[in-house]
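Trainee: What follows is a structure written as structure tokens; I'll ask about it next.
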Amino acid sequence: MSINEIIIILLGLAISVTLILIFKRIFFGKKSAIEINKKVNSRELFEPTLKTDEEVISEPSEIDDLETFEGEAEYDSVFRAEENSDLITIHLEAEEQVFEYQNLINFLESSEFSFIDEGGWFRIILEDGNNFMFVNGLNPGKFSEDENILSTSVMTLIYSMKPKSNSVNALTELIRFSEITAKNYSTQILDADRNILTQQMVEHYSQIAEEFDLNNIA
């Protein structure tokens, strides 16, 4: 057998082995160990799979509705009379517990706004007598020395539109108050759905307030 024949045979073997490896990789290659489950909510991917009972109990929850207020004696007198009124809600949110009870009192005392400390939450009084609530945005919705709840990362502004009142002006003052407070505490201003408050949403709230006033003049 000549040298040329041997070289041809070796080249043929090399090509055959290469083709076998290529087909093996294509049809029998190892699958990735990570598979994406499209049914899984994206938020679940960033949360622990399991939480202990202690973690669930101790973790503060945001106030998504006003049931907390309705269940507290301090808020009963407010919402019993206003349970049918429309509400406008804005949140001030930070990554840390930047809102401290005593510091908030000092901040409000030095501000241009009049306020009343209702015992763990605040009522901001406007010049025309209208008012809105300024409360702890995490349950139980207020500060409490007895429960050692003296700071929070979320404060919530709640305005209840009432007949024969200037809701548009109250909304303007609420927005202005939120901007001043957010600047002082370096926080974000969020709408009722906890999205960044945009000019479009402010105009939407303003339209709601204007329509409410027009429908409740008498």
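Convention: chains lettered A, B, ... in structure tokens order; per-chain residue numbering from 1; ligands numbered from 1 as shown.
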List every residue of stretch 112-214 of chain A that DSSP, applied to the backbone of this structure, assigns to strand (DSSP E), and report them as number ranges by chain.

Mentor: A: 114-117, 122-125, 131-136, 151-152, 154-160, 188-190

Trainee: Could you write out, as a list in words, all the residues of stretch 140-189 of chain A that DSSP marks as alpha helix (DSSP H)?

Mentor: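 Put together, the selection reads Ser167, Val168, Asn169, Ala170, Leu171, Thr172, Glu173, Leu174, Ile175, Arg176, Phe177, Ser178, Glu179, Ile180, Thr181, Ala182, Lys183, Asn184 and Tyr185 of chain A.
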
Trainee: Take the residues just selected and output them with all heavy atoms as a compact mmCIF listing (two decimals), in the first residue's frame.

Mentor:
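Okay, out-v4.txt is ready:
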```
# COMPACT_ATOMS: atom_id res chain seq x y z
N SER A 167 -62.30 70.66 45.42
CA SER A 167 -61.44 69.49 45.30
C SER A 167 -60.23 69.74 44.39
O SER A 167 -59.16 69.19 44.61
CB SER A 167 -62.24 68.29 44.77
OG SER A 167 -63.28 67.95 45.65
N VAL A 168 -60.43 70.56 43.36
CA VAL A 168 -59.32 70.86 42.45
C VAL A 168 -58.21 71.59 43.19
O VAL A 168 -57.03 71.27 43.05
CB VAL A 168 -59.83 71.71 41.25
CG1 VAL A 168 -58.64 72.13 40.38
CG2 VAL A 168 -60.85 70.93 40.44
N ASN A 169 -58.59 72.57 44.02
CA ASN A 169 -57.59 73.30 44.80
C ASN A 169 -56.92 72.38 45.83
O ASN A 169 -55.71 72.45 46.03
CB ASN A 169 -58.26 74.47 45.53
CG ASN A 169 -57.27 75.23 46.40
OD1 ASN A 169 -56.38 75.91 45.92
ND2 ASN A 169 -57.42 75.10 47.73
N ALA A 170 -57.72 71.51 46.46
CA ALA A 170 -57.16 70.58 47.44
C ALA A 170 -56.16 69.64 46.78
O ALA A 170 -55.11 69.33 47.35
CB ALA A 170 -58.28 69.78 48.11
N LEU A 171 -56.49 69.18 45.57
CA LEU A 171 -55.58 68.30 44.85
C LEU A 171 -54.28 69.03 44.51
O LEU A 171 -53.19 68.47 44.64
CB LEU A 171 -56.24 67.79 43.57
CG LEU A 171 -55.33 66.96 42.64
CD1 LEU A 171 -54.87 65.68 43.33
CD2 LEU A 171 -56.06 66.63 41.34
N THR A 172 -54.40 70.29 44.11
CA THR A 172 -53.21 71.09 43.81
C THR A 172 -52.30 71.20 45.03
O THR A 172 -51.08 71.05 44.94
CB THR A 172 -53.62 72.50 43.34
OG1 THR A 172 -54.43 72.39 42.17
CG2 THR A 172 -52.40 73.35 43.04
N GLU A 173 -52.91 71.46 46.19
CA GLU A 173 -52.14 71.57 47.42
C GLU A 173 -51.55 70.21 47.84
O GLU A 173 -50.44 70.14 48.36
CB GLU A 173 -53.02 72.13 48.54
CG GLU A 173 -53.40 73.59 48.36
CD GLU A 173 -52.17 74.47 48.32
OE1 GLU A 173 -51.47 74.58 49.34
OE2 GLU A 173 -51.90 75.05 47.24
N LEU A 174 -52.30 69.14 47.60
CA LEU A 174 -51.79 67.80 47.93
C LEU A 174 -50.56 67.47 47.09
O LEU A 174 -49.56 66.94 47.61
CB LEU A 174 -52.89 66.76 47.69
CG LEU A 174 -52.57 65.31 48.06
CD1 LEU A 174 -53.82 64.60 48.59
CD2 LEU A 174 -52.05 64.54 46.86
N ILE A 175 -50.63 67.79 45.80
CA ILE A 175 -49.48 67.55 44.91
C ILE A 175 -48.28 68.39 45.35
O ILE A 175 -47.14 67.92 45.41
CB ILE A 175 -49.84 67.86 43.45
CG1 ILE A 175 -50.94 66.93 42.94
CG2 ILE A 175 -48.60 67.76 42.56
CD1 ILE A 175 -50.57 65.49 42.88
N ARG A 176 -48.54 69.64 45.69
CA ARG A 176 -47.46 70.54 46.12
C ARG A 176 -46.84 70.03 47.43
O ARG A 176 -45.62 70.03 47.59
CB ARG A 176 -48.01 71.96 46.31
CG ARG A 176 -46.92 73.03 46.49
CD ARG A 176 -47.52 74.41 46.30
NE ARG A 176 -48.40 74.77 47.39
CZ ARG A 176 -47.99 75.40 48.50
NH1 ARG A 176 -46.71 75.70 48.67
NH2 ARG A 176 -48.85 75.73 49.43
N PHE A 177 -47.68 69.59 48.35
CA PHE A 177 -47.20 69.03 49.61
C PHE A 177 -46.35 67.79 49.36
O PHE A 177 -45.29 67.60 49.98
CB PHE A 177 -48.38 68.68 50.51
CG PHE A 177 -47.99 68.05 51.81
CD1 PHE A 177 -47.67 68.82 52.92
CD2 PHE A 177 -47.95 66.66 51.94
CE1 PHE A 177 -47.31 68.24 54.12
CE2 PHE A 177 -47.60 66.06 53.14
CZ PHE A 177 -47.27 66.85 54.24
N SER A 178 -46.79 66.92 48.45
CA SER A 178 -46.04 65.70 48.15
C SER A 178 -44.68 66.02 47.54
O SER A 178 -43.68 65.36 47.86
CB SER A 178 -46.84 64.81 47.21
OG SER A 178 -46.96 65.37 45.92
N GLU A 179 -44.62 67.05 46.69
CA GLU A 179 -43.34 67.43 46.07
C GLU A 179 -42.37 67.98 47.11
O GLU A 179 -41.17 67.63 47.09
CB GLU A 179 -43.59 68.45 44.96
CG GLU A 179 -44.31 67.88 43.75
CD GLU A 179 -44.64 68.94 42.72
OE1 GLU A 179 -44.72 70.14 43.10
OE2 GLU A 179 -44.82 68.59 41.55
N ILE A 180 -42.86 68.82 48.01
CA ILE A 180 -42.00 69.39 49.05
C ILE A 180 -41.49 68.29 49.98
O ILE A 180 -40.30 68.24 50.33
CB ILE A 180 -42.78 70.45 49.86
CG1 ILE A 180 -43.10 71.66 48.97
CG2 ILE A 180 -41.97 70.89 51.09
CD1 ILE A 180 -44.00 72.68 49.64
N THR A 181 -42.38 67.39 50.37
CA THR A 181 -42.00 66.31 51.29
C THR A 181 -41.04 65.33 50.62
O THR A 181 -40.06 64.89 51.23
CB THR A 181 -43.25 65.55 51.77
OG1 THR A 181 -44.20 66.48 52.30
CG2 THR A 181 -42.90 64.55 52.85
N ALA A 182 -41.32 64.98 49.37
CA ALA A 182 -40.45 64.04 48.64
C ALA A 182 -39.05 64.62 48.47
O ALA A 182 -38.05 63.89 48.58
CB ALA A 182 -41.06 63.72 47.28
N LYS A 183 -38.97 65.92 48.21
CA LYS A 183 -37.67 66.56 48.06
C LYS A 183 -36.90 66.56 49.39
O LYS A 183 -35.70 66.31 49.43
CB LYS A 183 -37.84 67.99 47.56
CG LYS A 183 -36.53 68.72 47.33
CD LYS A 183 -36.76 70.12 46.77
CE LYS A 183 -35.45 70.84 46.52
NZ LYS A 183 -35.67 72.21 45.98
N ASN A 184 -37.62 66.81 50.48
CA ASN A 184 -36.98 66.85 51.80
C ASN A 184 -36.46 65.48 52.22
O ASN A 184 -35.39 65.38 52.84
CB ASN A 184 -37.98 67.36 52.84
CG ASN A 184 -37.34 67.56 54.21
OD1 ASN A 184 -36.67 68.55 54.46
ND2 ASN A 184 -37.56 66.60 55.11
N TYR A 185 -37.19 64.41 51.87
CA TYR A 185 -36.80 63.06 52.30
C TYR A 185 -36.20 62.22 51.18
O TYR A 185 -35.92 61.03 51.38
CB TYR A 185 -38.01 62.33 52.88
CG TYR A 185 -38.43 62.87 54.23
CD1 TYR A 185 -39.41 63.86 54.34
CD2 TYR A 185 -37.83 62.42 55.40
CE1 TYR A 185 -39.80 64.36 55.57
CE2 TYR A 185 -38.21 62.92 56.64
CZ TYR A 185 -39.19 63.89 56.72
OH TYR A 185 -39.56 64.39 57.94
```

Trainee: Please, what distance in Å, to one decimal, runs between atom CA of A:Glu100 and atom CA of A:Ser151?

Mentor: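 Going from atom CA of A:Glu100 over to atom CA of A:Ser151, I get 4.2 Å.
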
Trainee: Skip A:Arg123 itself and residues of its chain fewer than 6 positions away, then list as a ChimeraX atom specification all residues within 6 Å of it, counting only C-alpha atoms.

Mentor: /A:115-116,132-133

Trainee: Emit the selected residues as a PDB file, in the first residue's frame, including C-alpha atoms.

Mentor:
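This is the output file again_11.pdb:
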```pdb
ATOM      1  CA  PHE A 115     -51.541  70.143  60.569  1.00  0.00           C
ATOM      2  CA  ILE A 116     -53.075  68.160  63.401  1.00  0.00           C
ATOM      3  CA  PHE A 132     -56.214  65.533  53.534  1.00  0.00           C
ATOM      4  CA  MET A 133     -54.642  62.713  55.526  1.00  0.00           C
TER       5      MET A 133
END
```

Trainee: Smallest atom-to-atom distance to A:Leu87: which of A:Trp121, A:Tyr101, A:Tyr159, A:Phe212, using only C-alpha atoms?

Mentor: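 Checking each of A:Trp121, A:Tyr101, A:Tyr159, A:Phe212 against A:Leu87, counting only C-alpha atoms, the winner is A:Tyr159.
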
Trainee: Pick the closest to A:Gly120 from A:Leu197, A:Leu104, A:Val98, A:Ile8: which is it, counting only C-alpha atoms?

Mentor: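 Among A:Leu197, A:Leu104, A:Val98, A:Ile8, it is A:Leu104 that comes nearest to A:Gly120.
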
Trainee: Go through A:Asn166, A:Thr156, A:Ser186, A:Asn103 one by one, measure the shortest atom-to-atom distance of each to A:Lys142 using only C-alpha atoms, and give the residue with the smallest value.

Mentor: A:Thr156
